[in-house]
Amino acid sequence: MTSLHLRPIQFVDTPMGHDGRVARLAGGLQWFAAYEVREGDGRRVVPVADFAAELGGDARAASLHVAITAPRAPLVLGPRTLRFDQPQVAAILNVTPDSFSDGGRHHDDPGEAAASGVAMAAAGAALIDLGGESTRPGATTVWEGDETRRVVPVVERLARAGTLVSIDTRKAGVMEAALAAGAGIVNDVSALLWDDRALEVVAKSGAPVILMHSPDPEKGGHGRPGYRDVVTEVFDWLEARIAAVTAAGVDRARILVDPGIGFGKSLAENLALVNGLAMLHGLGCPIMLGASRKRMIGALSNEAPVTERLGGSVALALKGAELGAQLIRVHDVAETVQALRIWRGLRDQALVGG
């Protein structure tokens, strides 16, 4: 695999006054003026204005530039449309007894769980990401039948309410049951590698899929491989996974990617991955960032417990928006939606001036 990678840098508030010197990031609300070019162990900065002269003859660089700047088509899922021209919130809804973030609050009451999901959608979430198995380090694997019984009644209720649902699972049987019950998207932390049938299920269903980077997907995703450059290695892993998934019949336009914050990565690696997130636009797919309430926040804030990580979660959400992430996966929906609305208002004002 080639070692050339492009990371958009030098973001500007507005393209006005920068004719020919900035490019739009993935058809969204951000413009950038230069690339950090990583090739082997070398790094250099190439202004957008000089891209054609310096890198236009390199097929790999030209392909990455097209992917980075191309708009992401919306997903039309029945009566619902998921747009990617601005950051959207994906709300986390767990129906597990051992969730690290909510203590199993919705474990045994599908009606209450669905009501919570509807409330999060009303608060501004574009998507409800429903999970019936914890993927925290050391969590016990849940039998497929139990996981199905946990999620299907909630999916059915949410679908009847008109709420867009993604099913957060590694298991093909759970994917099938949830999609049949009305879920619209599959979100797999193992990138369809944990279950031998998962790729076939997604390909046959035509459902969009979120592929998350996992250093050891068959063992739960929390191995520590030792990265030389976590950003480029995550990019390369996802690039190879996208190629395999599309070769199996999944439409590339229906693939999203997730860098897997907190899965098999140290604090320094997680921070580098968030800072380098814009490089992943070179994959040509919408990006989901899931850093809400994660361990890295506690590590940077005097070991704050999970329930006291709202500020850090919002800070990471805004960083994701700044770097063009199209979906921000969070627990605290109302607060994150409000923060993103203010961020969007600032962007709009910068564009129109005044």
# chains A, B, ... in the order shown; residues from 1 in each chain; ligands from 1

call {"tool": "residues_around", "arguments": {"residues": "range 184-197 of chain A", "least_positions_apart": "3", "cutoff": "9 Å", "atoms": "only C-alpha atoms", "output": "ChimeraX atom specification"}}
result
/A:77-78,129,135,164-173,175,178-179,200-202,207-221,238,241,245,256-258,260

call {"tool": "write_last_selection", "arguments": {"atoms": "N, CA and C atoms", "output": "compact mmCIF listing (two decimals), in the first residue's frame"}}
result
# COMPACT_ATOMS: atom_id res chain seq x y z
N LEU A 77 -33.47 7.11 3.39
CA LEU A 77 -33.86 5.86 4.04
C LEU A 77 -35.36 5.92 4.32
N GLY A 78 -36.15 5.48 3.33
CA GLY A 78 -37.59 5.58 3.45
C GLY A 78 -37.99 7.04 3.51
N ASP A 129 -28.65 5.51 17.75
CA ASP A 129 -27.76 4.35 17.62
C ASP A 129 -28.02 3.41 18.79
N THR A 135 -19.52 -2.93 24.51
CA THR A 135 -18.23 -3.19 23.87
C THR A 135 -17.09 -2.57 24.67
N LEU A 164 -35.20 7.49 12.87
CA LEU A 164 -34.17 6.75 12.16
C LEU A 164 -33.27 6.04 13.16
N VAL A 165 -33.07 4.73 12.95
CA VAL A 165 -32.33 3.90 13.90
C VAL A 165 -31.15 3.23 13.20
N SER A 166 -30.00 3.25 13.87
CA SER A 166 -28.90 2.37 13.46
C SER A 166 -28.76 1.30 14.54
N ILE A 167 -28.45 0.08 14.13
CA ILE A 167 -28.28 -1.01 15.08
C ILE A 167 -26.79 -1.24 15.30
N ASP A 168 -26.37 -1.06 16.53
CA ASP A 168 -24.97 -1.18 16.92
C ASP A 168 -24.73 -2.62 17.36
N THR A 169 -24.22 -3.45 16.44
CA THR A 169 -24.03 -4.87 16.74
C THR A 169 -22.94 -5.45 15.86
N ARG A 170 -22.35 -6.55 16.34
CA ARG A 170 -21.36 -7.31 15.56
C ARG A 170 -21.95 -8.57 14.97
N LYS A 171 -23.19 -8.88 15.32
CA LYS A 171 -23.76 -10.19 15.02
C LYS A 171 -24.73 -10.15 13.84
N ALA A 172 -24.52 -11.06 12.89
CA ALA A 172 -25.35 -11.08 11.68
C ALA A 172 -26.82 -11.30 12.00
N GLY A 173 -27.12 -12.20 12.92
CA GLY A 173 -28.51 -12.48 13.26
C GLY A 173 -29.20 -11.27 13.86
N MET A 175 -28.32 -8.13 13.27
CA MET A 175 -28.48 -7.21 12.14
C MET A 175 -29.75 -7.53 11.36
N ALA A 178 -32.94 -6.73 13.42
CA ALA A 178 -33.14 -5.30 13.62
C ALA A 178 -33.54 -4.61 12.32
N LEU A 179 -32.92 -4.99 11.21
CA LEU A 179 -33.28 -4.41 9.91
C LEU A 179 -34.72 -4.77 9.55
N GLU A 200 -22.21 -10.54 4.34
CA GLU A 200 -23.26 -11.03 3.44
C GLU A 200 -24.61 -10.41 3.78
N VAL A 201 -24.92 -10.32 5.07
CA VAL A 201 -26.20 -9.75 5.50
C VAL A 201 -26.31 -8.30 5.04
N VAL A 202 -25.25 -7.52 5.26
CA VAL A 202 -25.29 -6.11 4.87
C VAL A 202 -25.39 -5.96 3.36
N ALA A 207 -28.48 -2.12 3.21
CA ALA A 207 -28.45 -1.11 4.26
C ALA A 207 -27.11 -0.41 4.31
N PRO A 208 -27.08 0.87 4.62
CA PRO A 208 -25.81 1.54 4.87
C PRO A 208 -25.12 0.91 6.08
N VAL A 209 -23.79 1.04 6.12
CA VAL A 209 -23.03 0.43 7.20
C VAL A 209 -21.94 1.38 7.67
N ILE A 210 -21.73 1.40 8.98
CA ILE A 210 -20.64 2.17 9.58
C ILE A 210 -19.55 1.19 9.95
N LEU A 211 -18.37 1.38 9.36
CA LEU A 211 -17.22 0.52 9.61
C LEU A 211 -16.27 1.21 10.58
N MET A 212 -16.07 0.61 11.74
CA MET A 212 -15.18 1.21 12.74
C MET A 212 -13.83 0.53 12.72
N HIS A 213 -12.77 1.34 12.88
CA HIS A 213 -11.42 0.76 12.98
C HIS A 213 -11.30 -0.01 14.29
N SER A 214 -10.79 -1.22 14.17
CA SER A 214 -10.59 -2.07 15.33
C SER A 214 -9.29 -2.83 15.14
N PRO A 215 -8.34 -2.70 16.06
CA PRO A 215 -7.05 -3.38 15.86
C PRO A 215 -7.13 -4.90 15.98
N ASP A 216 -8.14 -5.41 16.67
CA ASP A 216 -8.31 -6.87 16.77
C ASP A 216 -9.80 -7.19 16.81
N PRO A 217 -10.50 -7.00 15.69
CA PRO A 217 -11.96 -7.09 15.70
C PRO A 217 -12.52 -8.42 16.15
N GLU A 218 -11.80 -9.50 15.94
CA GLU A 218 -12.32 -10.81 16.33
C GLU A 218 -12.23 -11.04 17.84
N LYS A 219 -11.47 -10.17 18.54
CA LYS A 219 -11.30 -10.34 19.98
C LYS A 219 -11.94 -9.21 20.78
N GLY A 220 -12.65 -8.32 20.11
CA GLY A 220 -13.34 -7.27 20.83
C GLY A 220 -12.84 -5.87 20.58
N GLY A 221 -11.72 -5.74 19.90
CA GLY A 221 -11.27 -4.42 19.48
C GLY A 221 -10.40 -3.67 20.45
N LEU A 238 -8.80 1.24 7.31
CA LEU A 238 -10.15 1.51 6.82
C LEU A 238 -10.21 1.48 5.30
N ARG A 241 -10.38 -2.04 4.34
CA ARG A 241 -11.68 -2.63 4.71
C ARG A 241 -12.78 -2.17 3.76
N VAL A 245 -15.21 -4.59 1.52
CA VAL A 245 -16.66 -4.54 1.66
C VAL A 245 -17.32 -4.19 0.33
N LEU A 256 -20.03 4.40 5.79
CA LEU A 256 -19.50 5.44 6.66
C LEU A 256 -18.33 4.84 7.43
N VAL A 257 -17.46 5.69 7.96
CA VAL A 257 -16.30 5.19 8.70
C VAL A 257 -16.21 5.85 10.07
N ASP A 258 -15.59 5.13 10.99
CA ASP A 258 -15.42 5.59 12.37
C ASP A 258 -13.99 5.24 12.77
N GLY A 260 -12.68 4.77 15.59
CA GLY A 260 -12.56 3.87 16.74
C GLY A 260 -11.82 4.47 17.92

call {"tool": "select_by_dssp", "arguments": {"residues": "range 104-334 of chain A", "states": "strand (DSSP E)", "output": "list in words"}}
result
Leu127, Ile128, Asp129, Leu130, Gly131, Val165, Ser166, Ile167, Asp168, Ile185, Val186, Asn187, Asp188, Val209, Ile210, Leu211, Met212, Ile255, Leu256, Val257, Asp258, Met288, Leu289, Leu327, Ile328, Arg329 and Val330 of chain A

call {"tool": "write_last_selection", "arguments": {"atoms": "N, CA and C atoms", "output": "PDB file, in the first residue's frame"}}
result
ATOM      1  N   LEU A 127     -30.216  10.612  14.348  1.00  0.00           N
ATOM      2  CA  LEU A 127     -30.113   9.159  14.306  1.00  0.00           C
ATOM      3  C   LEU A 127     -30.043   8.642  15.729  1.00  0.00           C
ATOM      4  N   ILE A 128     -30.717   7.531  15.994  1.00  0.00           N
ATOM      5  CA  ILE A 128     -30.609   6.853  17.285  1.00  0.00           C
ATOM      6  C   ILE A 128     -29.788   5.587  17.077  1.00  0.00           C
ATOM      7  N   ASP A 129     -28.651   5.508  17.755  1.00  0.00           N
ATOM      8  CA  ASP A 129     -27.755   4.352  17.623  1.00  0.00           C
ATOM      9  C   ASP A 129     -28.022   3.412  18.788  1.00  0.00           C
ATOM     10  N   LEU A 130     -28.698   2.308  18.491  1.00  0.00           N
ATOM     11  CA  LEU A 130     -29.197   1.389  19.514  1.00  0.00           C
ATOM     12  C   LEU A 130     -28.283   0.189  19.656  1.00  0.00           C
ATOM     13  N   GLY A 131     -27.865  -0.092  20.889  1.00  0.00           N
ATOM     14  CA  GLY A 131     -26.993  -1.228  21.135  1.00  0.00           C
ATOM     15  C   GLY A 131     -27.497  -2.127  22.239  1.00  0.00           C
ATOM     16  N   VAL A 165     -33.067   4.731  12.951  1.00  0.00           N
ATOM     17  CA  VAL A 165     -32.329   3.897  13.898  1.00  0.00           C
ATOM     18  C   VAL A 165     -31.148   3.231  13.203  1.00  0.00           C
ATOM     19  N   SER A 166     -30.002   3.245  13.866  1.00  0.00           N
ATOM     20  CA  SER A 166     -28.896   2.368  13.465  1.00  0.00           C
ATOM     21  C   SER A 166     -28.760   1.303  14.543  1.00  0.00           C
ATOM     22  N   ILE A 167     -28.446   0.078  14.132  1.00  0.00           N
ATOM     23  CA  ILE A 167     -28.280  -1.011  15.076  1.00  0.00           C
ATOM     24  C   ILE A 167     -26.789  -1.241  15.300  1.00  0.00           C
ATOM     25  N   ASP A 168     -26.373  -1.061  16.528  1.00  0.00           N
ATOM     26  CA  ASP A 168     -24.970  -1.183  16.916  1.00  0.00           C
ATOM     27  C   ASP A 168     -24.733  -2.622  17.359  1.00  0.00           C
ATOM     28  N   ILE A 185     -29.750   1.419   9.435  1.00  0.00           N
ATOM     29  CA  ILE A 185     -28.296   1.425   9.272  1.00  0.00           C
ATOM     30  C   ILE A 185     -27.691   0.391  10.204  1.00  0.00           C
ATOM     31  N   VAL A 186     -26.604  -0.240   9.764  1.00  0.00           N
ATOM     32  CA  VAL A 186     -25.832  -1.143  10.618  1.00  0.00           C
ATOM     33  C   VAL A 186     -24.566  -0.414  11.064  1.00  0.00           C
ATOM     34  N   ASN A 187     -24.292  -0.452  12.363  1.00  0.00           N
ATOM     35  CA  ASN A 187     -23.080   0.136  12.928  1.00  0.00           C
ATOM     36  C   ASN A 187     -22.308  -0.978  13.617  1.00  0.00           C
ATOM     37  N   ASP A 188     -21.176  -1.382  13.016  1.00  0.00           N
ATOM     38  CA  ASP A 188     -20.433  -2.541  13.509  1.00  0.00           C
ATOM     39  C   ASP A 188     -19.035  -2.125  13.954  1.00  0.00           C
ATOM     40  N   VAL A 209     -23.788   1.039   6.116  1.00  0.00           N
ATOM     41  CA  VAL A 209     -23.032   0.425   7.203  1.00  0.00           C
ATOM     42  C   VAL A 209     -21.940   1.378   7.670  1.00  0.00           C
ATOM     43  N   ILE A 210     -21.730   1.401   8.978  1.00  0.00           N
ATOM     44  CA  ILE A 210     -20.644   2.170   9.575  1.00  0.00           C
ATOM     45  C   ILE A 210     -19.547   1.188   9.948  1.00  0.00           C
ATOM     46  N   LEU A 211     -18.369   1.385   9.362  1.00  0.00           N
ATOM     47  CA  LEU A 211     -17.219   0.519   9.606  1.00  0.00           C
ATOM     48  C   LEU A 211     -16.272   1.215  10.579  1.00  0.00           C
ATOM     49  N   MET A 212     -16.073   0.615  11.743  1.00  0.00           N
ATOM     50  CA  MET A 212     -15.183   1.207  12.736  1.00  0.00           C
ATOM     51  C   MET A 212     -13.828   0.535  12.719  1.00  0.00           C
ATOM     52  N   ILE A 255     -21.404   3.556   2.677  1.00  0.00           N
ATOM     53  CA  ILE A 255     -20.428   3.223   3.715  1.00  0.00           C
ATOM     54  C   ILE A 255     -20.019   4.484   4.467  1.00  0.00           C
ATOM     55  N   LEU A 256     -20.031   4.403   5.793  1.00  0.00           N
ATOM     56  CA  LEU A 256     -19.498   5.437   6.661  1.00  0.00           C
ATOM     57  C   LEU A 256     -18.328   4.841   7.429  1.00  0.00           C
ATOM     58  N   VAL A 257     -17.456   5.686   7.961  1.00  0.00           N
ATOM     59  CA  VAL A 257     -16.296   5.194   8.698  1.00  0.00           C
ATOM     60  C   VAL A 257     -16.214   5.855  10.069  1.00  0.00           C
ATOM     61  N   ASP A 258     -15.590   5.132  10.993  1.00  0.00           N
ATOM     62  CA  ASP A 258     -15.416   5.590  12.370  1.00  0.00           C
ATOM     63  C   ASP A 258     -13.987   5.238  12.771  1.00  0.00           C
ATOM     64  N   MET A 288     -18.008   9.228  11.180  1.00  0.00           N
ATOM     65  CA  MET A 288     -18.648   9.313  12.484  1.00  0.00           C
ATOM     66  C   MET A 288     -17.571   9.348  13.551  1.00  0.00           C
ATOM     67  N   LEU A 289     -17.673  10.303  14.462  1.00  0.00           N
ATOM     68  CA  LEU A 289     -16.747  10.410  15.589  1.00  0.00           C
ATOM     69  C   LEU A 289     -17.491  10.051  16.861  1.00  0.00           C
ATOM     70  N   LEU A 327     -21.077  12.927  11.404  1.00  0.00           N
ATOM     71  CA  LEU A 327     -21.905  12.383  12.480  1.00  0.00           C
ATOM     72  C   LEU A 327     -21.109  12.408  13.780  1.00  0.00           C
ATOM     73  N   ILE A 328     -21.703  12.966  14.821  1.00  0.00           N
ATOM     74  CA  ILE A 328     -21.080  13.004  16.136  1.00  0.00           C
ATOM     75  C   ILE A 328     -21.927  12.124  17.050  1.00  0.00           C
ATOM     76  N   ARG A 329     -21.349  11.010  17.513  1.00  0.00           N
ATOM     77  CA  ARG A 329     -22.089  10.032  18.318  1.00  0.00           C
ATOM     78  C   ARG A 329     -21.949  10.401  19.795  1.00  0.00           C
ATOM     79  N   VAL A 330     -23.090  10.692  20.467  1.00  0.00           N
ATOM     80  CA  VAL A 330     -23.018  11.241  21.816  1.00  0.00           C
ATOM     81  C   VAL A 330     -24.087  10.661  22.733  1.00  0.00           C
TER      82      VAL A 330
END

call {"tool": "residues_around", "arguments": {"residues": "Pro87 in chain A", "least_positions_apart": "6", "cutoff": "8 Å", "atoms": "only C-alpha atoms", "output": "number ranges by chain"}}
result
A: 321, 324-328, 340

call {"tool": "write_last_selection", "arguments": {"atoms": "all heavy atoms", "output": "PDB file, in the first residue's frame"}}
result
ATOM      1  N   ALA A 321     -16.581  18.569  14.609  1.00  0.00           N
ATOM      2  CA  ALA A 321     -17.264  19.429  13.641  1.00  0.00           C
ATOM      3  C   ALA A 321     -16.270  20.304  12.901  1.00  0.00           C
ATOM      4  O   ALA A 321     -16.354  20.484  11.680  1.00  0.00           O
ATOM      5  CB  ALA A 321     -18.306  20.278  14.356  1.00  0.00           C
ATOM      6  N   GLY A 324     -14.700  18.464  10.169  1.00  0.00           N
ATOM      7  CA  GLY A 324     -15.579  17.972   9.116  1.00  0.00           C
ATOM      8  C   GLY A 324     -16.301  16.680   9.382  1.00  0.00           C
ATOM      9  O   GLY A 324     -16.926  16.130   8.455  1.00  0.00           O
ATOM     10  N   ALA A 325     -16.272  16.149  10.606  1.00  0.00           N
ATOM     11  CA  ALA A 325     -17.014  14.920  10.891  1.00  0.00           C
ATOM     12  C   ALA A 325     -18.498  15.167  10.650  1.00  0.00           C
ATOM     13  O   ALA A 325     -19.062  16.147  11.126  1.00  0.00           O
ATOM     14  CB  ALA A 325     -16.783  14.463  12.324  1.00  0.00           C
ATOM     15  N   GLN A 326     -19.125  14.258   9.926  1.00  0.00           N
ATOM     16  CA  GLN A 326     -20.540  14.450   9.581  1.00  0.00           C
ATOM     17  C   GLN A 326     -21.495  13.923  10.640  1.00  0.00           C
ATOM     18  O   GLN A 326     -22.621  14.393  10.744  1.00  0.00           O
ATOM     19  CB  GLN A 326     -20.842  13.781   8.229  1.00  0.00           C
ATOM     20  CG  GLN A 326     -20.230  14.490   7.043  1.00  0.00           C
ATOM     21  CD  GLN A 326     -18.836  13.991   6.686  1.00  0.00           C
ATOM     22  OE1 GLN A 326     -18.254  13.178   7.404  1.00  0.00           O
ATOM     23  NE2 GLN A 326     -18.306  14.443   5.570  1.00  0.00           N
ATOM     24  N   LEU A 327     -21.077  12.927  11.404  1.00  0.00           N
ATOM     25  CA  LEU A 327     -21.905  12.383  12.480  1.00  0.00           C
ATOM     26  C   LEU A 327     -21.109  12.408  13.780  1.00  0.00           C
ATOM     27  O   LEU A 327     -19.967  11.921  13.816  1.00  0.00           O
ATOM     28  CB  LEU A 327     -22.325  10.945  12.180  1.00  0.00           C
ATOM     29  CG  LEU A 327     -23.578  10.703  11.338  1.00  0.00           C
ATOM     30  CD1 LEU A 327     -23.789   9.198  11.156  1.00  0.00           C
ATOM     31  CD2 LEU A 327     -24.806  11.330  11.970  1.00  0.00           C
ATOM     32  N   ILE A 328     -21.703  12.966  14.821  1.00  0.00           N
ATOM     33  CA  ILE A 328     -21.080  13.004  16.136  1.00  0.00           C
ATOM     34  C   ILE A 328     -21.927  12.124  17.050  1.00  0.00           C
ATOM     35  O   ILE A 328     -23.086  12.432  17.319  1.00  0.00           O
ATOM     36  CB  ILE A 328     -21.019  14.438  16.699  1.00  0.00           C
ATOM     37  CG1 ILE A 328     -20.481  15.430  15.648  1.00  0.00           C
ATOM     38  CG2 ILE A 328     -20.173  14.465  17.965  1.00  0.00           C
ATOM     39  CD1 ILE A 328     -19.049  15.224  15.264  1.00  0.00           C
ATOM     40  N   LEU A 340     -23.511  22.576  18.756  1.00  0.00           N
ATOM     41  CA  LEU A 340     -23.326  22.540  17.310  1.00  0.00           C
ATOM     42  C   LEU A 340     -24.142  23.624  16.610  1.00  0.00           C
ATOM     43  O   LEU A 340     -23.719  24.160  15.577  1.00  0.00           O
ATOM     44  CB  LEU A 340     -23.691  21.161  16.762  1.00  0.00           C
ATOM     45  CG  LEU A 340     -22.726  20.030  17.116  1.00  0.00           C
ATOM     46  CD1 LEU A 340     -23.269  18.690  16.660  1.00  0.00           C
ATOM     47  CD2 LEU A 340     -21.339  20.267  16.493  1.00  0.00           C
TER      48      LEU A 340
END

call {"tool": "closest_residue", "arguments": {"among": "A:Leu277, A:Leu267, A:Ala159, A:Val174", "to": "Trp143 in chain A", "atoms": "only C-alpha atoms"}}
result
A:Val174

call {"tool": "residues_around", "arguments": {"residues": "Thr148 in chain A", "least_positions_apart": "4", "cutoff": "7 Å", "atoms": "only C-alpha atoms", "output": "MDAnalysis selection string"}}
result
chainID A and resid 144 152 174 177

call {"tool": "residues_around", "arguments": {"residues": "Ala291 in chain A", "least_positions_apart": "5", "cutoff": "7 Å", "atoms": "only C-alpha atoms", "output": "PDB file with N, CA and C atoms, in the first residue's frame"}}
result
ATOM      1  N   ILE A 261     -12.198   5.687  18.314  1.00  0.00           N
ATOM      2  CA  ILE A 261     -11.573   6.309  19.477  1.00  0.00           C
ATOM      3  C   ILE A 261     -11.788   5.419  20.700  1.00  0.00           C
ATOM      4  N   SER A 313     -16.819  15.942  26.534  1.00  0.00           N
ATOM      5  CA  SER A 313     -17.540  15.351  25.404  1.00  0.00           C
ATOM      6  C   SER A 313     -17.939  16.425  24.397  1.00  0.00           C
ATOM      7  N   LEU A 316     -14.899  17.667  22.432  1.00  0.00           N
ATOM      8  CA  LEU A 316     -14.519  16.741  21.362  1.00  0.00           C
ATOM      9  C   LEU A 316     -15.516  16.782  20.214  1.00  0.00           C
TER      10      LEU A 316
END

call {"tool": "select_by_dssp", "arguments": {"residues": "range 75-307 of chain A", "states": "helix (DSSP H, G or I)", "output": "MDAnalysis selection string"}}
result
chainID A and resid 110:122 144:160 172:181 198:205 217:219 230:247 252:254 267:275 277:283 295:299 306:307

call {"tool": "closest_residue", "arguments": {"among": "A:Ala113, A:Ile68, A:Ala334, A:Leu310", "to": "Leu283 in chain A", "atoms": "only C-alpha atoms"}}
result
A:Ile68

call {"tool": "closest_residue", "arguments": {"among": "A:Ala243, A:Leu93, A:Ala123, A:Ala248", "to": "Gly206 in chain A", "atoms": "only C-alpha atoms"}}
result
A:Ala248

call {"tool": "residues_around", "arguments": {"residues": "Leu158 in chain A", "least_positions_apart": "4", "cutoff": "10 Å", "atoms": "only C-alpha atoms", "output": "PyMOL selection string"}}
result
chain A and resi 110-111+113-118+121+128+152-154+162-165+181-183

call {"tool": "atom_distance", "arguments": {"atom1": "CA of Val22 in chain A", "atom2": "CA of Val46 in chain A"}}
result
11.6 Å

call {"tool": "closest_residue", "arguments": {"among": "A:Pro15, A:Gly312, A:Gly57, A:Gly320", "to": "Trp31 in chain A", "atoms": "only C-alpha atoms"}}
result
A:Pro15

call {"tool": "closest_residue", "arguments": {"among": "A:Gly282, A:Asp236, A:Gly311, A:Gly124", "to": "Val89 in chain A", "atoms": "only C-alpha atoms"}}
result
A:Gly124
